[in-house]
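Novice: Input file: upload-v1.cif. Contents: mmCIF, C-alpha atoms and all ligand atoms.
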data_protein
#
loop_
_atom_site.label_atom_id
_atom_site.label_comp_id
_atom_site.auth_asym_id
_atom_site.auth_seq_id
_atom_site.Cartn_x
_atom_site.Cartn_y
_atom_site.Cartn_z
CA MET A 18 27.85 25.83 -5.42
CA SER A 19 25.73 25.59 -2.31
CA HIS A 20 25.79 22.69 0.13
CA ALA A 21 23.19 20.74 2.12
CA ALA A 22 23.92 21.25 5.84
CA ILE A 23 22.26 19.05 8.45
CA THR A 24 20.58 21.58 10.75
CA GLY A 25 17.98 19.47 12.57
CA TRP A 26 17.70 15.96 13.96
CA GLY A 27 15.11 13.97 15.88
CA LYS A 28 14.30 10.36 16.76
CA CYS A 29 11.25 8.39 17.82
CA LEU A 30 11.61 4.99 19.48
CA PRO A 31 8.44 3.12 20.39
CA PRO A 32 8.50 2.48 24.17
CA ALA A 33 7.83 -1.31 24.26
CA VAL A 34 11.07 -3.30 24.75
CA LEU A 35 11.45 -6.90 23.51
CA SER A 36 14.34 -8.58 25.36
CA ASN A 37 16.36 -11.63 24.39
CA ALA A 38 14.61 -13.43 27.27
CA ASP A 39 11.22 -12.53 25.71
CA LEU A 40 12.33 -14.11 22.42
CA ALA A 41 13.44 -17.26 24.26
CA THR A 42 9.84 -17.75 25.49
CA PHE A 43 8.80 -18.89 21.99
CA LEU A 44 12.08 -19.57 20.12
CA ASP A 45 14.84 -22.12 20.65
CA THR A 46 17.36 -19.38 21.44
CA SER A 47 19.10 -17.77 24.40
CA ASP A 48 20.38 -14.42 25.63
CA GLU A 49 23.89 -15.88 25.51
CA TRP A 50 23.61 -16.89 21.80
CA ILE A 51 22.05 -13.61 20.63
CA LEU A 52 24.42 -11.38 22.62
CA SER A 53 27.60 -13.22 21.67
CA ARG A 54 26.72 -13.58 17.93
CA THR A 55 25.14 -10.16 17.35
CA GLY A 56 25.81 -7.81 20.31
CA MET A 57 22.04 -7.33 20.79
CA ARG A 58 20.22 -7.37 24.14
CA GLU A 59 16.89 -5.80 23.22
CA ARG A 60 14.88 -4.12 20.46
CA ARG A 61 11.65 -2.04 20.24
CA ILE A 62 8.20 -3.09 19.02
CA SER A 63 5.85 -0.39 17.75
CA HIS A 64 2.21 -0.01 18.79
CA VAL A 65 1.62 2.64 16.10
CA PRO A 66 1.90 2.82 12.28
CA ALA A 67 5.28 3.67 10.75
CA ILE A 68 4.16 7.15 9.63
CA ASP A 69 3.32 8.07 13.24
CA MET A 70 6.87 7.26 14.36
CA ALA A 71 8.22 9.11 11.31
CA ALA A 72 6.07 12.19 11.97
CA VAL A 73 7.08 12.45 15.65
CA ALA A 74 10.78 12.10 14.73
CA SER A 75 10.27 14.71 11.99
CA ALA A 76 8.48 17.20 14.28
CA ARG A 77 11.43 16.91 16.67
CA ALA A 78 13.91 17.43 13.81
CA LEU A 79 12.00 20.54 12.62
CA ALA A 80 11.98 22.02 16.14
CA CYS A 81 15.70 21.23 16.46
CA ALA A 82 16.35 23.22 13.25
CA GLY A 83 13.97 26.01 14.26
CA LEU A 84 12.08 25.46 11.00
CA ASP A 85 8.35 25.62 10.36
CA SER A 86 6.88 22.59 8.55
CA LYS A 87 5.48 24.96 5.90
CA ASP A 88 9.06 25.88 4.96
CA LEU A 89 9.82 22.31 3.86
CA ASP A 90 10.22 21.88 0.10
CA LEU A 91 10.76 18.11 0.14
CA ILE A 92 10.02 15.07 2.31
CA VAL A 93 12.02 11.89 1.62
CA TYR A 94 10.72 8.79 3.40
CA GLY A 95 13.41 6.08 3.51
CA SER A 96 11.97 2.69 4.40
CA CYS A 97 11.14 -0.80 3.17
CA SER A 98 8.04 -1.07 5.35
CA SER A 99 5.20 1.07 3.99
CA ASP A 100 1.94 1.27 5.92
CA GLU A 101 0.25 1.36 2.51
CA GLN A 102 1.67 0.98 -0.99
CA VAL A 103 -0.57 3.70 -2.45
CA PRO A 104 -0.62 6.52 -1.43
CA ASN A 105 3.04 6.75 -0.53
CA SER A 106 4.14 7.17 3.08
CA ALA A 107 5.91 10.52 2.66
CA SER A 108 2.53 12.07 1.86
CA GLY A 109 1.14 10.62 5.13
CA VAL A 110 3.95 12.30 7.08
CA GLN A 111 3.26 15.52 5.17
CA VAL A 112 -0.37 15.51 6.37
CA LEU A 113 0.63 14.88 10.00
CA LEU A 114 3.21 17.69 9.90
CA GLY A 115 1.04 20.13 7.93
CA ALA A 116 3.96 20.55 5.52
CA ARG A 117 1.70 21.63 2.69
CA ASN A 118 4.39 23.22 0.51
CA ALA A 119 6.58 20.10 0.25
CA GLY A 120 7.02 17.47 -2.43
CA ALA A 121 6.92 13.97 -0.97
CA MET A 122 8.61 10.76 -2.07
CA ASP A 123 9.48 7.31 -0.73
CA ILE A 124 12.83 5.61 -1.25
CA ASN A 125 13.29 1.89 -0.65
CA THR A 126 16.80 0.45 -0.70
CA ALA A 127 16.08 -1.60 2.45
CA CYS A 128 18.46 -0.85 5.35
CA THR A 129 20.29 1.85 3.34
CA SER A 130 17.08 3.78 2.53
CA PHE A 131 17.94 6.69 4.83
CA LEU A 132 21.45 7.03 3.41
CA TYR A 133 20.29 6.76 -0.22
CA GLY A 134 17.60 9.33 0.68
CA LEU A 135 20.28 11.57 2.15
CA SER A 136 22.17 11.40 -1.15
CA ALA A 137 19.07 12.19 -3.22
CA ALA A 138 17.92 15.08 -1.05
CA SER A 139 21.45 16.54 -0.69
CA ALA A 140 21.83 16.52 -4.48
CA MET A 141 18.51 18.35 -4.85
CA VAL A 142 19.47 20.96 -2.26
CA ARG A 143 22.91 21.48 -3.82
CA SER A 144 21.49 21.87 -7.32
CA GLY A 145 18.86 24.36 -6.15
CA VAL A 146 15.78 22.19 -6.85
CA VAL A 147 14.81 22.56 -3.18
CA ARG A 148 16.15 24.61 -0.25
CA ASN A 149 14.83 22.79 2.83
CA ALA A 150 14.45 19.00 2.92
CA LEU A 151 13.37 16.44 5.50
CA VAL A 152 15.00 13.00 5.23
CA ILE A 153 13.47 10.20 7.28
CA GLY A 154 14.71 6.69 8.09
CA VAL A 155 11.89 4.61 9.55
CA GLU A 156 11.05 0.94 9.85
CA LEU A 157 8.10 -1.06 11.14
CA ILE A 158 9.28 -4.62 10.68
CA SER A 159 7.43 -6.41 13.47
CA PRO A 160 4.12 -6.88 11.57
CA TYR A 161 5.82 -8.76 8.71
CA MET A 162 8.60 -10.49 10.62
CA ASP A 163 8.67 -14.27 10.28
CA TRP A 164 8.67 -14.64 14.06
CA GLU A 165 9.11 -18.42 14.07
CA ASN A 166 12.41 -18.15 12.16
CA ARG A 167 15.13 -17.67 14.79
CA ASN A 168 17.71 -16.91 12.08
CA VAL A 169 16.06 -13.51 11.46
CA SER A 170 13.48 -12.70 14.11
CA VAL A 171 16.05 -12.02 16.84
CA LEU A 172 17.83 -9.43 14.71
CA PHE A 173 15.32 -6.67 13.94
CA GLY A 174 13.41 -3.90 15.71
CA ASP A 175 11.16 -0.89 14.96
CA GLY A 176 12.05 2.82 15.12
CA ALA A 177 12.44 6.13 13.30
CA ALA A 178 14.65 9.20 13.03
CA ALA A 179 14.90 12.19 10.71
CA VAL A 180 17.21 15.02 9.72
CA ILE A 181 16.63 18.45 8.18
CA LEU A 182 18.84 19.57 5.30
CA GLN A 183 19.18 23.27 4.51
CA SER A 184 20.97 25.03 1.70
CA SER A 185 24.24 26.54 2.95
CA GLU A 186 27.20 28.40 1.46
CA SER A 187 29.55 26.66 3.93
CA GLU A 188 31.01 23.28 2.98
CA LEU A 189 28.74 21.20 5.25
CA GLY A 190 26.63 18.06 4.97
CA VAL A 191 27.58 15.21 2.64
CA LEU A 192 31.13 15.84 1.38
CA GLY A 193 31.30 12.63 -0.60
CA GLU A 194 29.61 9.25 -0.82
CA HIS A 195 29.68 5.99 -2.71
CA LEU A 196 26.56 4.01 -3.60
CA GLY A 197 26.70 0.40 -4.82
CA CYS A 198 24.75 -2.84 -5.03
CA PHE A 199 25.73 -6.54 -5.07
CA ALA A 200 22.65 -7.41 -7.13
CA ASP A 201 24.00 -10.90 -7.86
CA ALA A 202 23.35 -11.66 -4.17
CA ARG A 203 19.86 -10.11 -4.01
CA GLN A 204 18.30 -13.51 -3.25
CA THR A 205 20.27 -13.75 0.03
CA LEU A 206 17.78 -11.40 1.71
CA ARG A 207 14.23 -11.72 0.40
CA VAL A 208 10.89 -11.31 2.17
CA ARG A 209 8.50 -13.62 0.35
CA GLY A 210 4.87 -12.54 0.54
CA MET A 211 5.19 -8.78 0.02
CA GLY A 212 4.60 -7.43 -3.49
CA CYS A 213 2.65 -8.01 -6.70
CA SER A 214 4.45 -11.27 -7.46
CA TYR A 215 2.49 -12.93 -4.69
CA ALA A 216 -0.93 -11.61 -5.74
CA ASN A 217 -3.47 -14.31 -6.69
CA GLN A 218 -1.75 -16.84 -4.43
CA GLY A 219 -4.14 -16.17 -1.57
CA VAL A 220 -1.28 -14.62 0.37
CA GLN A 221 -2.27 -11.92 2.79
CA TYR A 222 0.05 -8.94 3.09
CA GLY A 223 2.47 -9.53 5.93
CA ASP A 224 2.04 -13.30 5.66
CA THR A 225 5.73 -13.71 5.02
CA LEU A 226 8.59 -16.16 4.87
CA TRP A 227 12.11 -14.75 4.91
CA ASP A 228 14.94 -16.10 2.77
CA PHE A 229 18.02 -15.07 4.73
CA ASP A 230 21.57 -16.30 4.15
CA GLY A 231 23.15 -14.68 7.22
CA GLN A 232 26.74 -15.73 6.55
CA GLU A 233 26.77 -14.57 2.92
CA ILE A 234 25.14 -11.26 3.89
CA PHE A 235 27.76 -10.90 6.62
CA ARG A 236 30.64 -11.39 4.14
CA ARG A 237 29.18 -9.03 1.55
CA ALA A 238 28.31 -6.42 4.18
CA VAL A 239 31.88 -6.22 5.47
CA LYS A 240 33.42 -6.19 1.99
CA GLY A 241 30.83 -3.75 0.62
CA MET A 242 31.03 -1.22 3.44
CA ALA A 243 34.83 -1.35 3.47
CA GLN A 244 35.04 -0.76 -0.32
CA ALA A 245 32.37 1.95 -0.28
CA THR A 246 34.20 3.73 2.55
CA GLU A 247 37.47 3.70 0.63
CA LYS A 248 35.77 5.17 -2.44
CA ALA A 249 33.78 7.77 -0.48
CA LEU A 250 36.92 8.99 1.32
CA ALA A 251 38.87 9.15 -1.96
CA ARG A 252 36.07 11.13 -3.60
CA CYS A 253 36.30 13.95 -1.06
CA GLY A 254 40.03 13.72 -0.36
CA ILE A 255 39.59 12.82 3.31
CA THR A 256 41.86 10.32 5.05
CA THR A 257 40.80 7.84 7.72
CA ASP A 258 42.64 9.70 10.48
CA GLN A 259 40.51 12.79 9.72
CA ILE A 260 37.35 10.88 10.65
CA ASP A 261 36.17 11.97 14.11
CA LEU A 262 33.29 9.54 14.46
CA MET A 263 31.88 6.51 12.62
CA VAL A 264 28.11 6.04 12.79
CA PRO A 265 27.58 2.78 10.91
CA HIS A 266 24.56 0.65 10.08
CA GLN A 267 24.11 -1.65 13.09
CA ALA A 268 23.11 -5.16 11.98
CA ASN A 269 25.68 -7.06 14.02
CA LEU A 270 28.46 -5.89 16.36
CA ARG A 271 30.91 -8.29 14.68
CA ILE A 272 30.17 -6.72 11.26
CA ILE A 273 30.80 -3.24 12.67
CA GLU A 274 34.09 -4.33 14.28
CA SER A 275 35.28 -5.86 10.98
CA VAL A 276 34.40 -2.73 8.96
CA ALA A 277 36.13 -0.46 11.49
CA LYS A 278 39.21 -2.69 11.34
CA TYR A 279 39.30 -2.62 7.51
CA ALA A 280 38.87 1.16 7.53
CA GLY A 281 41.54 1.61 10.22
CA ILE A 282 39.14 3.35 12.62
CA PRO A 283 39.48 2.45 16.33
CA MET A 284 36.31 1.24 18.06
CA SER A 285 36.64 4.21 20.46
CA LYS A 286 35.56 6.37 17.48
CA VAL A 287 32.55 4.17 16.62
CA PHE A 288 29.09 5.02 18.00
CA LEU A 289 27.03 1.92 18.91
CA THR A 290 23.32 1.37 19.48
CA VAL A 291 23.06 -2.27 18.39
CA GLU A 292 22.85 -3.56 21.97
CA ARG A 293 19.70 -1.55 22.76
CA TYR A 294 17.81 -1.44 19.45
CA GLY A 295 19.06 -4.30 17.25
CA ASN A 296 18.82 -3.67 13.52
CA MET A 297 16.10 -1.09 12.73
CA SER A 298 16.95 -1.23 9.04
CA ALA A 299 16.57 2.29 7.54
CA ALA A 300 16.13 3.86 11.00
CA THR A 301 19.40 2.53 12.36
CA VAL A 302 21.91 5.12 11.13
CA PRO A 303 19.77 8.23 11.80
CA VAL A 304 18.79 7.00 15.29
CA ALA A 305 22.48 6.38 16.05
CA LEU A 306 23.36 9.85 14.68
CA VAL A 307 20.75 11.52 16.91
CA GLU A 308 21.95 9.58 19.96
CA ALA A 309 25.58 10.43 19.18
CA LEU A 310 24.57 14.12 19.24
CA GLU A 311 22.61 13.67 22.47
CA ALA A 312 25.64 11.95 24.03
CA GLY A 313 27.96 14.84 23.06
CA ARG A 314 29.94 12.59 20.70
CA VAL A 315 29.53 14.95 17.71
CA LYS A 316 31.77 17.99 18.14
CA PRO A 317 31.34 21.25 16.18
CA GLY A 318 32.93 20.85 12.72
CA ALA A 319 33.23 17.05 13.10
CA THR A 320 33.81 14.77 10.12
CA ILE A 321 31.54 11.72 10.36
CA LEU A 322 31.62 8.46 8.40
CA MET A 323 28.36 6.59 7.85
CA PRO A 324 28.72 3.19 6.10
CA GLY A 325 25.63 1.06 5.43
CA PHE A 326 24.31 -2.06 3.71
CA GLY A 327 20.95 -3.71 3.22
CA GLY A 328 18.73 -5.90 1.05
CA GLY A 329 19.55 -5.68 -2.64
CA LEU A 330 22.30 -6.06 -1.46
CA THR A 331 22.78 -2.31 -1.45
CA VAL A 332 25.93 -0.82 0.06
CA CYS A 333 27.08 2.74 0.63
CA SER A 334 29.27 5.02 2.69
CA HIS A 335 28.84 8.73 3.37
CA VAL A 336 31.34 11.30 4.66
CA VAL A 337 29.51 14.15 6.41
CA ARG A 338 30.85 17.43 7.77
CA TRP A 339 28.97 18.80 10.77
CA GLY A 340 28.34 22.51 11.40
CA ASP A 341 28.98 24.59 14.53
CA ARG A 342 25.72 23.74 16.27
CA VAL A 343 25.42 20.39 18.06
CA THR A 344 22.43 21.24 20.26
CA PRO A 345 18.77 21.73 19.25
CA LEU A 346 17.36 25.23 18.70
CA GLY A 347 14.02 24.04 20.07
CA LEU A 348 12.10 21.05 21.39
CA SER A 349 8.84 19.68 19.97
CA PRO A 350 5.97 18.57 22.22
CA ALA A 351 5.13 15.78 19.70
CA GLU A 352 4.63 12.36 21.30
CA LEU A 353 3.31 8.98 20.21
CA ALA A 354 -0.11 7.85 21.41
CA PRO A 355 0.22 6.05 24.77
CA ASN A 356 0.82 2.29 24.76
CA ALA A 357 -0.64 -0.17 27.26
CA ARG A 358 0.73 -3.48 25.97
CA THR A 359 4.09 -5.20 26.42
CA ALA A 360 6.28 -5.91 23.41
CA LEU A 361 5.86 -9.66 23.97
CA GLU A 362 2.06 -9.32 24.01
CA MET A 363 2.16 -7.44 20.68
CA VAL A 364 4.52 -10.00 19.13
CA ASN A 365 2.37 -12.90 20.33
CA ASP A 366 -0.68 -11.21 18.74
CA ILE A 367 1.16 -10.95 15.43
CA ARG A 368 2.28 -14.59 15.72
CA ALA A 369 -1.28 -15.74 16.38
CA ARG A 370 -2.61 -13.87 13.34
CA ARG A 371 0.18 -15.23 11.13
CA SER A 372 -0.37 -18.78 12.22
CA ALA A 373 -4.12 -18.35 11.57
CA HIS A 374 -3.16 -17.45 7.98
CA GLY A 375 -1.02 -20.59 7.82
CA ALA A 376 1.95 -18.91 6.12
CA SER A 377 4.58 -21.27 7.41
CA GLU A 378 2.59 -24.42 6.68
CA ARG A 379 1.48 -23.43 3.19
CA GLY A 380 4.74 -21.88 2.09
CA LEU A 381 4.92 -19.15 -0.48
CA MET A 382 5.23 -20.14 -4.09
CA ALA A 383 7.56 -18.66 -6.64
CA PRO A 384 6.38 -15.49 -8.41
CA ARG A 385 3.57 -16.29 -10.88
CA PHE A 386 4.90 -14.20 -13.77
CA ALA A 387 7.05 -15.50 -16.62
CA GLU A 388 10.70 -14.64 -16.13
CA THR A 389 12.26 -12.12 -18.51
CA ARG A 390 15.89 -12.68 -19.42
CA LEU A 391 18.02 -9.95 -20.97
CA ALA A 392 21.17 -10.58 -22.94
CA ASP A 393 24.40 -9.82 -21.06
O1 LIG B 401 20.72 -5.39 7.42
C1 LIG B 401 20.86 -6.65 6.77
C2 LIG B 401 20.41 -7.73 7.68
N1 LIG B 401 21.21 -8.91 7.67
C3 LIG B 401 22.22 -9.17 8.51
O2 LIG B 401 22.67 -8.34 9.19
C4 LIG B 401 22.79 -10.57 8.58
C5 LIG B 401 24.25 -10.65 8.74
N2 LIG B 401 24.58 -11.91 9.34
C6 LIG B 401 24.69 -12.09 10.67
O3 LIG B 401 24.56 -11.14 11.42
C7 LIG B 401 25.03 -13.46 11.19
O4 LIG B 401 25.37 -14.32 10.12
C8 LIG B 401 23.87 -14.09 12.03
C9 LIG B 401 23.73 -13.34 13.35
C10 LIG B 401 22.57 -14.01 11.25
C11 LIG B 401 24.18 -15.53 12.35
O5 LIG B 401 25.41 -15.63 13.05
P1 LIG B 401 26.47 -16.76 12.64
O6 LIG B 401 27.59 -16.64 13.57
O7 LIG B 401 26.77 -16.55 11.17
O8 LIG B 401 25.68 -18.08 12.91
P2 LIG B 401 25.33 -19.27 11.91
O9 LIG B 401 24.35 -18.81 10.89
O10 LIG B 401 26.62 -19.88 11.45
O11 LIG B 401 24.62 -20.29 12.87
C12 LIG B 401 25.34 -20.99 13.88
C13 LIG B 401 24.38 -21.90 14.62
C14 LIG B 401 23.49 -22.73 13.72
O12 LIG B 401 23.34 -24.01 14.33
P3 LIG B 401 24.19 -25.28 13.85
O13 LIG B 401 23.85 -25.44 12.39
O14 LIG B 401 25.62 -24.89 14.07
O15 LIG B 401 23.69 -26.36 14.72
C15 LIG B 401 22.18 -22.02 13.72
O16 LIG B 401 21.08 -22.88 13.48
O17 LIG B 401 23.49 -21.10 15.41
C16 LIG B 401 22.13 -21.50 15.13
N3 LIG B 401 21.27 -20.32 15.28
C17 LIG B 401 20.74 -19.96 16.48
N4 LIG B 401 20.85 -20.50 17.70
C18 LIG B 401 20.22 -19.87 18.72
C19 LIG B 401 20.86 -19.44 14.34
N5 LIG B 401 20.08 -18.49 14.88
C20 LIG B 401 20.00 -18.80 16.22
C21 LIG B 401 19.34 -18.19 17.32
N6 LIG B 401 19.50 -18.75 18.53
N7 LIG B 401 18.62 -17.06 17.19
#
How would this structure read if it were set down as structure tokens?
Ligand code: UT7

Specialist:
Amino acid sequence: MSHAAITGWGKCLPPAVLSNADLATFLDTSDEWILSRTGMRERRISHVPAIDMAAVASARALACAGLDSKDLDLIVYGSCSSDEQVPNSASGVQVLLGARNAGAMDINTACTSFLYGLSAASAMVRSGVVRNALVIGVELISPYMDWENRNVSVLFGDGAAAVILQSSESELGVLGEHLGCFADARQTLRVRGMGCSYANQGVQYGDTLWDFDGQEIFRRAVKGMAQATEKALARCGITTDQIDLMVPHQANLRIIESVAKYAGIPMSKVFLTVERYGNMSAATVPVALVEALEAGRVKPGATILMPGFGGGLTVCSHVVRWGDRVTPLGLSPAELAPNARTALEMVNDIRARRSAHGASERGLMAPRFAETRLAD
């Protein structure tokens, strides 16, 4: 059987930085609270659509792999923030890349979208459905963030990264993974105002209120990632001491520390980005992976553990074997359009538009459809 080696990687972070001090200009919060409870100092705010970030990250990943966009057979766009619902976002990236021979699909499992996408694309490469695949993790959360809610708005940021998978006879890429979902807790992380359920309520897209039970998500995240890691390791017969590097989802430093402790992995083997980027949802793990490579933390032949969790509440953990090459074959000249505004100016614009819509005052009603109940 062939395998799906990761041969290219690239990231794209929008340049505008939103600091904890910026957030404290309009929220009852402080740098001390955010840093001590989450490990975050700053996050990025995008001045461009999500597909632009995704396409720049993808162009860099293609150059890194030395692959032409026309050689791509599949584009997987992992995200819960689509620029448009129809057409899908993967097709938008395809146009920007000129990848005219590729199939294109979106996957939304919230923060785990990149990792679920990695599973789907790896399975297709291994089974021979496709040979070369692009897997993207991208998120543009700022336009639909409920900025007045300090429980959530300090936690998230925008960004993108991508990897190239290529069919290989060597045992590389995903060695084993576990995918799961605590669906009984799906109401603990809900963005009200996005989706058909809110049609006919006069709700404008992005006019959102977030249901967010931080403590319950925290508990489930630690338990879920620890269990998924145990199962993923067992599936491929790898023991914890064989893990060279952990590149986890980065929603909170305390969550990462707890998962590492459960898994028996010292923090010296954990790669962190949470301080600089916050939680970029689906973009978090691939951005961290790219930065781990740039920092020389991924050695040839390394075994990497990538646990994640997100809305749903989806959980997963992936064990990945790296190849011999840890440096790019080439560099892409792709860049985002220039930006002239500060992150705080962009956020204040979004806040002004939201308050003009009156989302917080009006509230968002329950879905208008009758509820279907299935027998157990
Ligand atoms: O990818 C999935 C995304 N979800 C997550 O990652 C969420 C996981 N959960 C968490 O990371 C943590 O639960 C939070 C960071 C969200 C909250 O940390 P916590 O230690 O669980 O705080 P808490 O919810 O127990 O709140 C403690 C206090 C509360 O005040 P009182 O009731 O004790 O007076 C909050 O109102 O901190 C208050 N608080 C804040 N204070 C200043 C909540 N948010 C803030 C804030 N600034 N931004």

Novice: Please return as a ChimeraX atom specification the residues found within 9 Å of ligand LIG 401 (chain B), counting all atoms listed in the file.

Specialist: /A:40-41,44-51,53-55,127-129,166-173,206,229-238,266-272,296-299,325-328,330

Novice: What lies within 12 Å of A:Val304 using only C-alpha atoms, ignoring chain neighbours under 6 positions off, as a ChimeraX atom specification?

Specialist: /A:26-30,70-71,74-75,78,131,153-156,175-180,264-267,288-291,293-298,310-311

Novice: What does the structure give for the distance between atom CA of A:Cys198 and atom CA of A:Ser99, in Å to one decimal?

Specialist: 21.9 Å

Novice: Calculate how many Å separate atom CA of A:Cys97 from atom CA of A:Ile367, rounding to one decimal.

Specialist: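 Atom CA of A:Ile367 lies at a distance of 18.8 Å from atom CA of A:Cys97.
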
Novice: So how far away is atom CA of A:Asn118 from atom CA of A:Ala76, in Å?

Specialist: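 Distance reported for this atom pair: 15.6 Å.
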
Novice: Between A:Ala360, A:Thr246, A:Ala351, A:Ala369, which has the minimum distance to A:Leu79 (counting all atoms listed in the file)?

Specialist: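 For A:Leu79, the nearest of the candidates is A:Ala351.
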
Novice: Considering all atoms listed in the file, can you say which of A:Asp123, A:Arg60, A:Asp341, A:Leu306 comes closest to A:Glu292?

Specialist: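 Under the stated criterion, the closest residue is A:Arg60.
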
Novice: Restricting the calculation to all atoms listed in the file: of A:Ala22, A:Met162, A:Ala67, A:Ala33, which residue gets closest to A:Leu135?

Specialist: A:Ala22

Novice: Looking at only C-alpha atoms, which of A:Lys240, A:Gln183, A:Ala38, A:Arg207 is the one that sits closest to A:Lys278?

Specialist: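 Checking each of A:Lys240, A:Gln183, A:Ala38, A:Arg207 against A:Lys278, counting only C-alpha atoms, the winner is A:Lys240.
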
Novice: Give the answer as one residue: which of A:Ser98, A:Leu250, A:Ser159, A:Asp39 has the shortest atom-to-atom distance to A:Gly212, using all atoms listed in the file?

Specialist: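 Distance minimum relative to A:Gly212 lands on A:Ser98.
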
Novice: Neighbouring residues of A:Leu132 were defined as those with any atom within 10 Å, considering all atoms listed in the file; residues of the same chain fewer than 6 positions away were excluded. Please report them as a VMD selection string.

Specialist: chain A and resid 95 124 126 138 152 to 154 194 196 266 299 to 300 302 to 303 323 to 326 332 to 335

Novice: Can you pull out the residues contacting A:Ala251? Cut-off 10 Å, using all atoms listed in the file, and skip same-chain residues under 6 positions away; I want them as JSON, numbers by chain.

Specialist: {"A": [193, 194, 195, 245, 257]}

Novice: A:Pro350: which residues within 10 Å, counting all atoms listed in the file, same-chain residues fewer than 5 positions away excluded, as a list of chain:residue names?

Specialist: A:Val73, A:Ala76, A:Arg77, A:Ala80

Novice: With 4 Å added on each side, what axis-aligned box encloses every listed atom of stretch 187-203 of chain A? Give the centre and edge lengths in Å to one decimal, as JSON.

Specialist:
{"center_x": 25.6, "center_y": 7.5, "center_z": -1.3, "size_x": 19.4, "size_y": 46.3, "size_z": 21.1}
